[in-house]
file model.txt (compact mmCIF, C-alpha atoms)
# COMPACT_ATOMS: atom_id res chain seq x y z
CA MET A 92 108.17 120.96 110.37
CA LYS A 93 111.09 120.84 107.91
CA PHE A 94 112.02 117.36 109.17
CA LEU A 95 108.47 116.05 108.77
CA LYS A 96 108.16 117.47 105.26
CA ARG A 97 111.54 116.03 104.27
CA MET A 98 110.59 112.62 105.68
CA GLU A 99 107.30 112.67 103.75
CA GLU A 100 109.20 113.42 100.53
CA LEU A 101 111.74 110.64 101.14
CA ILE A 102 109.05 108.11 102.06
CA ASP A 103 107.10 108.94 98.88
CA THR A 104 110.27 108.52 96.80
CA PHE A 105 110.98 105.18 98.51
CA LEU A 106 107.42 103.90 97.98
CA ASN A 107 107.55 104.92 94.33
CA TYR A 108 110.76 102.89 93.98
CA LEU A 109 109.10 99.86 95.59
CA SER A 110 106.13 100.17 93.26
CA VAL A 111 108.01 100.73 89.99
CA GLU A 112 111.25 98.79 90.51
CA ARG A 113 110.17 96.04 92.89
CA GLY A 114 106.55 95.66 91.77
CA LEU A 115 105.17 95.45 95.31
CA SER A 116 101.40 95.35 95.74
CA ASN A 117 99.37 98.39 96.77
CA ASN A 118 98.45 96.69 100.08
CA THR A 119 102.16 96.27 100.91
CA LEU A 120 102.88 99.89 100.02
CA VAL A 121 100.05 101.09 102.25
CA SER A 122 101.45 99.00 105.14
CA TYR A 123 104.97 100.36 104.62
CA LYS A 124 103.71 103.93 104.52
CA LYS A 125 101.87 103.41 107.81
CA ASP A 126 104.96 101.80 109.40
CA LEU A 127 107.26 104.62 108.29
CA SER A 128 104.77 107.27 109.40
CA CYS A 129 104.79 105.75 112.92
CA TYR A 130 108.59 105.74 112.77
CA THR A 131 108.63 109.41 111.74
CA ASP A 132 106.28 110.39 114.58
CA PHE A 133 108.50 108.59 117.08
CA LEU A 134 111.68 110.30 115.82
CA LYS A 135 109.96 113.68 116.07
CA LYS A 136 109.03 112.98 119.69
CA GLN A 137 112.69 112.13 120.33
CA HIS A 138 113.55 115.65 119.07
CA ILE A 139 115.45 114.30 116.05
CA ASP A 140 115.46 116.88 113.26
CA ALA A 141 117.51 115.07 110.59
CA LEU A 142 117.80 111.47 109.41
CA ALA A 143 121.58 111.69 109.61
CA LYS A 144 121.21 111.98 113.41
CA VAL A 145 119.29 108.70 113.75
CA THR A 146 121.25 106.03 115.61
CA LYS A 147 120.87 102.31 116.20
CA ASN A 148 119.62 103.10 119.71
CA ASN A 149 116.82 105.29 118.33
CA ILE A 150 115.52 102.42 116.20
CA THR A 151 115.84 99.96 119.09
CA ASP A 152 113.93 102.38 121.34
CA PHE A 153 111.23 102.60 118.66
CA MET A 154 110.87 98.80 118.68
CA PHE A 155 110.55 98.69 122.47
CA PHE A 156 108.07 101.56 122.34
CA GLN A 157 105.93 99.53 119.92
CA LYS A 158 106.17 96.48 122.18
CA ASP A 159 105.12 98.50 125.24
CA ASN A 160 102.09 99.70 123.27
CA GLY A 161 100.92 96.14 122.69
CA LEU A 162 102.13 95.58 119.14
CA SER A 163 102.78 91.91 118.35
CA SER A 164 106.26 90.57 117.66
CA ASN A 165 105.26 89.88 114.06
CA SER A 166 104.09 93.46 113.52
CA ILE A 167 107.25 94.89 115.11
CA SER A 168 109.37 92.73 112.79
CA ARG A 169 107.42 94.00 109.79
CA ARG A 170 107.97 97.61 110.87
CA LEU A 171 111.66 96.95 111.36
CA SER A 172 111.78 95.44 107.88
CA ALA A 173 110.21 98.59 106.42
CA ILE A 174 112.70 100.79 108.32
CA ARG A 175 115.66 98.68 107.13
CA MET A 176 114.56 98.81 103.50
CA PHE A 177 114.02 102.56 103.80
CA HIS A 178 117.49 103.25 105.22
CA ARG A 179 119.19 100.92 102.72
CA PHE A 180 117.42 102.72 99.91
CA LEU A 181 118.59 106.11 101.20
CA VAL A 182 122.21 104.91 101.46
CA ARG A 183 122.10 103.38 97.98
CA GLU A 184 120.71 106.64 96.56
CA ARG A 185 123.44 108.55 98.46
CA LEU A 186 120.85 110.48 100.43
CA LEU A 187 122.33 109.08 103.64
CA LYS A 188 125.90 108.06 104.42
CA VAL A 189 125.30 105.46 107.14
CA ASP A 190 122.58 102.86 107.68
CA PRO A 191 121.79 102.84 111.44
CA SER A 192 119.52 99.79 111.08
CA ASN A 193 122.27 97.57 109.72
CA LEU A 194 123.22 95.75 112.94
CA ILE A 195 119.79 95.48 114.58
CA ASP A 196 118.47 91.98 115.20
CA SER A 197 114.83 91.19 114.48
CA PRO A 198 112.67 90.35 117.49
CA LYS A 199 112.09 86.63 117.80
CA LEU A 200 108.93 85.72 115.94
CA TRP A 201 106.32 83.72 117.78
CA LYS A 202 105.31 81.05 115.32
CA LYS A 203 101.55 80.91 115.49
CA ILE A 204 99.88 77.86 114.02
CA PRO A 205 97.52 79.13 111.28
CA GLN A 206 93.81 78.71 111.83
CA THR A 207 92.24 75.91 109.78
CA VAL A 208 88.99 74.02 109.39
CA SER A 209 88.71 70.24 109.56
CA TYR A 210 87.82 68.07 106.56
CA ASP A 211 84.22 67.80 107.77
CA GLU A 212 83.99 71.55 108.41
CA ALA A 213 85.35 72.25 104.90
CA ASP A 214 82.74 69.94 103.37
CA ALA A 215 79.96 71.56 105.41
CA LEU A 216 81.11 75.06 104.47
CA LEU A 217 81.32 74.31 100.74
CA SER A 218 77.89 72.65 100.64
CA GLN A 219 75.96 75.66 102.01
CA PRO A 220 75.49 77.96 98.96
CA ASN A 221 72.16 77.58 97.11
CA ALA A 222 73.07 76.41 93.59
CA ARG A 223 69.62 77.47 92.28
CA ASP A 224 70.39 81.14 92.89
CA LYS A 225 72.77 83.36 90.86
CA GLN A 226 74.60 84.57 93.97
CA GLY A 227 74.60 81.05 95.37
CA LEU A 228 76.28 79.78 92.18
CA ARG A 229 78.89 82.53 92.51
CA ASP A 230 79.47 81.87 96.21
CA LYS A 231 79.81 78.12 95.63
CA ALA A 232 82.41 78.74 92.91
CA ILE A 233 84.32 81.20 95.13
CA LEU A 234 84.51 78.79 98.09
CA GLU A 235 85.50 75.87 95.86
CA VAL A 236 88.28 77.91 94.23
CA LEU A 237 89.60 79.16 97.57
CA TYR A 238 89.77 75.64 99.00
CA ALA A 239 91.00 73.97 95.77
CA THR A 240 93.85 76.39 95.11
CA GLY A 241 94.91 77.96 98.42
CA MET A 242 94.78 81.39 96.79
CA ARG A 243 94.64 84.56 98.85
CA VAL A 244 91.26 86.30 99.04
CA SER A 245 92.70 89.31 97.18
CA GLU A 246 94.00 87.03 94.40
CA VAL A 247 90.59 85.43 93.91
CA ALA A 248 88.93 88.86 93.78
CA ALA A 249 91.33 89.86 90.97
CA LEU A 250 90.79 86.76 88.79
CA LEU A 251 89.87 87.31 85.14
CA ILE A 252 87.91 84.88 82.96
CA ASN A 253 90.97 84.30 80.76
CA ASN A 254 92.92 83.19 83.83
CA LEU A 255 90.96 79.92 83.65
CA ASN A 256 91.95 76.96 81.49
CA PHE A 257 89.42 74.17 81.83
CA ASP A 258 91.08 72.06 79.12
CA ILE A 259 94.13 71.39 81.27
CA GLY A 260 92.40 72.05 84.61
CA PHE A 261 94.56 74.95 85.80
CA LEU A 262 94.22 78.64 86.52
CA ARG A 263 96.76 81.43 86.26
CA CYS A 264 97.17 83.50 89.41
CA ILE A 265 98.93 86.87 89.70
CA GLY A 266 100.18 87.05 93.29
CA LYS A 267 102.26 89.39 95.40
CA GLY A 268 104.79 91.45 93.47
CA ASN A 269 102.96 90.60 90.22
CA LYS A 270 104.46 87.11 90.32
CA GLU A 271 102.59 84.58 88.24
CA ARG A 272 101.89 80.99 89.26
CA ILE A 273 99.87 78.17 87.73
CA ILE A 274 97.62 76.20 90.12
CA PRO A 275 95.57 73.03 89.50
CA LEU A 276 91.83 73.49 90.01
CA GLY A 277 90.35 70.06 90.68
CA LYS A 278 87.10 68.59 89.30
CA LYS A 279 84.70 70.04 91.89
CA ALA A 280 86.04 73.58 91.49
CA ILE A 281 85.85 73.28 87.68
CA THR A 282 82.26 72.02 87.86
CA SER A 283 81.23 74.90 90.15
CA LEU A 284 82.99 77.45 87.94
CA LYS A 285 81.31 76.16 84.78
CA ARG A 286 77.87 76.35 86.43
CA TYR A 287 78.57 79.88 87.62
CA LEU A 288 79.80 80.97 84.17
CA GLU A 289 76.76 79.43 82.47
CA ALA A 290 73.97 80.64 84.78
CA GLY A 291 75.27 82.83 87.59
CA ARG A 292 77.67 85.31 86.02
CA PRO A 293 75.49 86.33 83.04
CA ALA A 294 72.65 87.20 85.45
CA LEU A 295 75.01 89.31 87.57
CA LEU A 296 76.76 90.91 84.57
CA LYS A 297 73.50 92.09 82.94
CA ASP A 298 74.43 94.39 80.05
CA LYS A 299 77.96 95.23 81.19
CA ASN A 300 81.21 94.11 79.56
CA LEU A 301 83.77 93.02 82.18
CA ASP A 302 86.58 90.45 82.18
CA ILE A 303 86.49 90.11 85.97
CA LEU A 304 85.51 86.55 86.94
CA PHE A 305 83.64 87.09 90.20
CA LEU A 306 81.08 89.89 90.21
CA SER A 307 79.15 91.65 92.94
CA ARG A 308 75.35 91.74 92.91
CA PHE A 309 75.69 95.10 91.14
CA GLY A 310 77.66 93.56 88.29
CA LYS A 311 80.98 95.08 89.36
CA LYS A 312 84.25 93.55 90.56
CA ILE A 313 83.69 91.86 93.91
CA SER A 314 85.76 93.26 96.79
CA ARG A 315 88.02 91.43 99.22
CA GLN A 316 85.70 92.52 102.01
CA SER A 317 82.71 90.95 100.25
CA LEU A 318 84.59 87.68 99.79
CA TRP A 319 85.39 87.67 103.49
CA LYS A 320 81.73 88.26 104.33
CA ILE A 321 80.80 85.30 102.11
CA ILE A 322 83.18 83.01 104.04
CA LYS A 323 81.79 84.19 107.40
CA LYS A 324 78.18 83.88 106.23
CA TYR A 325 78.45 80.25 105.16
CA ALA A 326 80.64 79.31 108.11
CA ARG A 327 77.87 80.56 110.38
CA ILE A 328 75.20 78.65 108.42
CA ALA A 329 77.37 75.51 108.49
CA GLY A 330 77.53 75.72 112.29
CA ILE A 331 81.28 76.34 112.45
CA LYS A 332 81.73 77.93 115.87
CA LYS A 333 85.39 78.95 115.68
CA PRO A 334 85.97 82.55 114.53
CA LEU A 335 87.48 82.28 111.05
CA LYS A 336 89.95 84.68 109.46
CA PRO A 337 90.06 85.54 105.72
CA HIS A 338 92.87 83.08 104.99
CA ALA A 339 91.27 80.14 106.84
CA LEU A 340 90.62 78.22 103.60
CA ARG A 341 94.13 78.99 102.32
CA HIS A 342 95.61 77.59 105.53
CA SER A 343 93.27 74.59 105.38
CA PHE A 344 94.29 73.90 101.77
CA ALA A 345 97.99 73.79 102.73
CA THR A 346 97.41 71.72 105.86
CA HIS A 347 95.14 69.16 104.18
CA MET A 348 97.53 68.83 101.22
CA LEU A 349 100.47 68.07 103.51
CA GLU A 350 98.40 65.70 105.63
CA GLY A 351 97.45 63.90 102.42
CA GLY A 352 101.09 63.36 101.50
CA ALA A 353 101.92 66.34 99.26
CA ASP A 354 105.58 67.41 99.29
CA LEU A 355 106.48 70.75 100.85
CA ARG A 356 108.01 72.22 97.66
CA SER A 357 104.85 71.65 95.64
CA VAL A 358 102.67 73.26 98.33
CA GLN A 359 105.13 76.17 98.49
CA GLU A 360 104.80 76.70 94.73
CA MET A 361 101.00 76.56 94.78
CA LEU A 362 100.79 79.02 97.69
CA GLY A 363 103.26 81.39 96.03
CA HIS A 364 105.65 81.52 98.99
CA THR A 365 109.08 82.91 98.13
CA ASP A 366 110.69 81.28 101.18
CA ILE A 367 109.97 77.64 102.02
CA SER A 368 110.27 78.46 105.74
CA THR A 369 106.92 80.28 105.40
CA THR A 370 105.35 77.05 104.13
CA GLN A 371 107.00 74.94 106.85
CA ILE A 372 104.66 76.40 109.49
CA TYR A 373 102.00 74.03 108.14
CA THR A 374 104.13 71.01 108.98
CA HIS A 375 103.77 71.97 112.66
CA ILE A 376 100.02 71.48 112.36
CA ASP A 377 100.54 67.97 111.01
CA LYS A 378 102.86 67.19 113.92
CA GLU A 379 100.23 68.41 116.38
CA ARG A 380 97.69 66.13 114.71
CA LEU A 381 100.06 63.16 114.98
CA LYS A 382 100.67 63.92 118.65
CA GLY A 383 96.91 63.95 119.22
CA ILE A 384 96.51 60.58 117.49
CA HIS A 385 99.40 59.14 119.51
CA LYS A 386 97.90 60.36 122.76
CA MET A 387 94.48 58.98 121.86
CA PHE A 388 95.53 55.50 120.75
CA HIS A 389 98.86 54.63 122.36
CA PRO A 390 98.50 52.41 125.46
CA ARG A 391 101.03 54.53 127.33
CA PRO A 392 100.46 58.11 126.06
call {"tool": "encode", "arguments": {"input": "model.txt", "output": "structure tokens"}}
result
Amino acid sequence: MKFLKRMEELIDTFLNYLSVERGLSNNTLVSYKKDLSCYTDFLKKQHIDALAKVTKNNITDFMFFQKDNGLSSNSISRRLSAIRMFHRFLVRERLLKVDPSNLIDSPKLWKKIPQTVSYDEADALLSQPNARDKQGLRDKAILEVLYATGMRVSEVAALLINNLNFDIGFLRCIGKGNKERIIPLGKKAITSLKRYLEAGRPALLKDKNLDILFLSRFGKKISRQSLWKIIKKYARIAGIKKPLKPHALRHSFATHMLEGGADLRSVQEMLGHTDISTTQIYTHIDKERLKGIHKMFHPRP
């Protein structure tokens, strides 16, 4: 019990550091806490009663244990990342002398091509909301912003009215780690936003005073879950059969931009990726499309 209590204290101290010093989002902190709790449970089952007794082999065994329990390579890598950051923090704070995670290699990541919609499917999806209805005006604006900017669902949910600048056609987005980026909106997204602000939002806001851009039907800040339900609802109405994930429009934005000739660095900046290798996954989609065209039209495919 002493080990578990000590681990809980150290994990809380570590998460507080990540929040205050590194500015990591609440979602990331929740994920790290879950990862480190699983790690703690595993160490307890291995009869380890002090962090100083943890070895490289213990961490490797934990990774294999996760794999045997069906966890994906990506999720195992994320848990290893949390464990590494935790041990490095403890060494830096002189709470631990040695970092046992230092020489452990990450499991090879299986690069999965992100799920996207086609140009026609995007058009069909965005044309479904009823622009004569207050919620339809809101939903139309949400879908247009998601597709025009490539923002994350959580980022769109957090938008404020003063994040918009119609004069120059941009919006200001606060992304992961409280990092700010400026993203072009496009004419169709601006038109939909103006209509929503003129007729949709006032009807949803009623007598409240909120700076949040997108409101629920109760006049409160719309949730990420509600935004996801909106995407699924209109995808179903549009006849899109493939099961979509919350970031489908974000992935489609990046893919369609690159297919249209945008340079990788610009797309990286608009998506808010710290590492360009994260953005490069979308170039694989373009290559698959080119291979399909070659196979279809070349006389000797």
call {"tool": "residues_around", "arguments": {"input": "model.txt", "residues": "segment 113-116 of chain A", "least_positions_apart": "6", "cutoff": "8 Å", "atoms": "only C-alpha atoms", "output": "list in words"}}
result
Lys267, Gly268 and Asn269 of chain A
call {"tool": "closest_residue", "arguments": {"input": "model.txt", "among": "A:Lys270, A:His347, A:Lys279, A:Arg341", "to": "Phe257 of chain A", "atoms": "only C-alpha atoms"}}
result
A:Lys279
call {"tool": "atom_distance", "arguments": {"input": "model.txt", "atom1": "atom CA of Leu362 of chain A", "atom2": "atom CA of Ala345 of chain A"}}
result
7.8 Å
call {"tool": "closest_residue", "arguments": {"input": "model.txt", "among": "A:Ser164, A:Ser209, A:Ser245, A:Thr131", "to": "Ser317 of chain A", "atoms": "all atoms listed in the file"}}
result
A:Ser245
call {"tool": "closest_residue", "arguments": {"input": "model.txt", "among": "A:Ala248, A:Gly351, A:Lys323, A:Arg272", "to": "Leu304 of chain A", "atoms": "only C-alpha atoms"}}
result
A:Ala248
call {"tool": "atom_distance", "arguments": {"input": "model.txt", "atom1": "atom CA of Ala249 of chain A", "atom2": "atom CA of Ile303 of chain A"}}
result
7.0 Å
call {"tool": "closest_residue", "arguments": {"input": "model.txt", "among": "A:Pro191, A:Pro205, A:Gly352, A:Gly310", "to": "Lys225 of chain A", "atoms": "only C-alpha atoms"}}
result
A:Gly310
call {"tool": "atom_distance", "arguments": {"input": "model.txt", "atom1": "atom CA of Asn148 of chain A", "atom2": "atom CA of Val182 of chain A"}}
result
18.5 Å
call {"tool": "closest_residue", "arguments": {"input": "model.txt", "among": "A:Trp319, A:Tyr325, A:Phe309, A:Phe177", "to": "Val247 of chain A", "atoms": "only C-alpha atoms"}}
result
A:Trp319
call {"tool": "residues_around", "arguments": {"input": "model.txt", "residues": "segment 329-337 of chain A", "least_positions_apart": "3", "cutoff": "8 Å", "atoms": "all atoms listed in the file", "output": "ChimeraX atom specification"}}
result
/A:206,212,215-216,219,244,319,322-323,325-326,340
call {"tool": "closest_residue", "arguments": {"input": "model.txt", "among": "A:Leu187, A:Val236, A:Met176, A:Leu162", "to": "Leu106 of chain A", "atoms": "all atoms listed in the file"}}
result
A:Met176
call {"tool": "residues_near_point", "arguments": {"input": "model.txt", "point": "(108.5, 104.1, 110.6)", "cutoff": "10 Å", "atoms": "all atoms listed in the file", "output": "PyMOL selection string"}}
result
chain A and resi 102+123-134+150+153-154+170-175+177
call {"tool": "build_atoms", "arguments": {"input": "model.txt", "residues": "segment 347-366 of chain A", "atoms": "N, CA and C atoms", "output": "PDB file, in the frame of the given file"}}
result
ATOM      1  N   HIS A 347      95.751  70.405 104.671  1.00  0.00           N
ATOM      2  CA  HIS A 347      95.140  69.160 104.180  1.00  0.00           C
ATOM      3  C   HIS A 347      95.978  68.536 103.069  1.00  0.00           C
ATOM      4  N   MET A 348      96.642  69.361 102.259  1.00  0.00           N
ATOM      5  CA  MET A 348      97.530  68.830 101.220  1.00  0.00           C
ATOM      6  C   MET A 348      98.707  68.094 101.844  1.00  0.00           C
ATOM      7  N   LEU A 349      99.312  68.698 102.858  1.00  0.00           N
ATOM      8  CA  LEU A 349     100.470  68.070 103.510  1.00  0.00           C
ATOM      9  C   LEU A 349     100.054  66.824 104.274  1.00  0.00           C
ATOM     10  N   GLU A 350      98.907  66.876 104.921  1.00  0.00           N
ATOM     11  CA  GLU A 350      98.400  65.700 105.630  1.00  0.00           C
ATOM     12  C   GLU A 350      98.106  64.557 104.659  1.00  0.00           C
ATOM     13  N   GLY A 351      97.747  64.916 103.421  1.00  0.00           N
ATOM     14  CA  GLY A 351      97.450  63.900 102.420  1.00  0.00           C
ATOM     15  C   GLY A 351      98.673  63.345 101.726  1.00  0.00           C
ATOM     16  N   GLY A 352      99.848  63.907 102.053  1.00  0.00           N
ATOM     17  CA  GLY A 352     101.090  63.360 101.500  1.00  0.00           C
ATOM     18  C   GLY A 352     101.776  64.235 100.478  1.00  0.00           C
ATOM     19  N   ALA A 353     101.271  65.452 100.220  1.00  0.00           N
ATOM     20  CA  ALA A 353     101.920  66.340  99.260  1.00  0.00           C
ATOM     21  C   ALA A 353     103.287  66.770  99.772  1.00  0.00           C
ATOM     22  N   ASP A 354     104.242  66.976  98.853  1.00  0.00           N
ATOM     23  CA  ASP A 354     105.580  67.410  99.290  1.00  0.00           C
ATOM     24  C   ASP A 354     105.577  68.918  99.508  1.00  0.00           C
ATOM     25  N   LEU A 355     106.443  69.359 100.396  1.00  0.00           N
ATOM     26  CA  LEU A 355     106.480  70.750 100.850  1.00  0.00           C
ATOM     27  C   LEU A 355     106.759  71.718  99.699  1.00  0.00           C
ATOM     28  N   ARG A 356     107.653  71.339  98.778  1.00  0.00           N
ATOM     29  CA  ARG A 356     108.010  72.220  97.660  1.00  0.00           C
ATOM     30  C   ARG A 356     106.822  72.501  96.749  1.00  0.00           C
ATOM     31  N   SER A 357     106.023  71.467  96.504  1.00  0.00           N
ATOM     32  CA  SER A 357     104.850  71.650  95.640  1.00  0.00           C
ATOM     33  C   SER A 357     103.833  72.578  96.283  1.00  0.00           C
ATOM     34  N   VAL A 358     103.612  72.400  97.603  1.00  0.00           N
ATOM     35  CA  VAL A 358     102.670  73.260  98.330  1.00  0.00           C
ATOM     36  C   VAL A 358     103.203  74.693  98.342  1.00  0.00           C
ATOM     37  N   GLN A 359     104.511  74.851  98.524  1.00  0.00           N
ATOM     38  CA  GLN A 359     105.130  76.170  98.490  1.00  0.00           C
ATOM     39  C   GLN A 359     104.854  76.869  97.159  1.00  0.00           C
ATOM     40  N   GLU A 360     105.007  76.132  96.062  1.00  0.00           N
ATOM     41  CA  GLU A 360     104.800  76.700  94.730  1.00  0.00           C
ATOM     42  C   GLU A 360     103.346  77.105  94.524  1.00  0.00           C
ATOM     43  N   MET A 361     102.418  76.250  94.970  1.00  0.00           N
ATOM     44  CA  MET A 361     101.000  76.560  94.780  1.00  0.00           C
ATOM     45  C   MET A 361     100.560  77.746  95.628  1.00  0.00           C
ATOM     46  N   LEU A 362     101.141  77.898  96.823  1.00  0.00           N
ATOM     47  CA  LEU A 362     100.790  79.020  97.690  1.00  0.00           C
ATOM     48  C   LEU A 362     101.460  80.320  97.252  1.00  0.00           C
ATOM     49  N   GLY A 363     102.542  80.199  96.473  1.00  0.00           N
ATOM     50  CA  GLY A 363     103.260  81.390  96.030  1.00  0.00           C
ATOM     51  C   GLY A 363     104.191  81.953  97.081  1.00  0.00           C
ATOM     52  N   HIS A 364     104.698  81.080  97.978  1.00  0.00           N
ATOM     53  CA  HIS A 364     105.650  81.520  98.990  1.00  0.00           C
ATOM     54  C   HIS A 364     107.043  81.622  98.394  1.00  0.00           C
ATOM     55  N   THR A 365     107.712  82.745  98.613  1.00  0.00           N
ATOM     56  CA  THR A 365     109.080  82.910  98.130  1.00  0.00           C
ATOM     57  C   THR A 365     110.045  82.056  98.949  1.00  0.00           C
ATOM     58  N   ASP A 366     109.826  82.014 100.256  1.00  0.00           N
ATOM     59  CA  ASP A 366     110.690  81.280 101.180  1.00  0.00           C
ATOM     60  C   ASP A 366     109.974  80.046 101.695  1.00  0.00           C
TER      61      ASP A 366
END
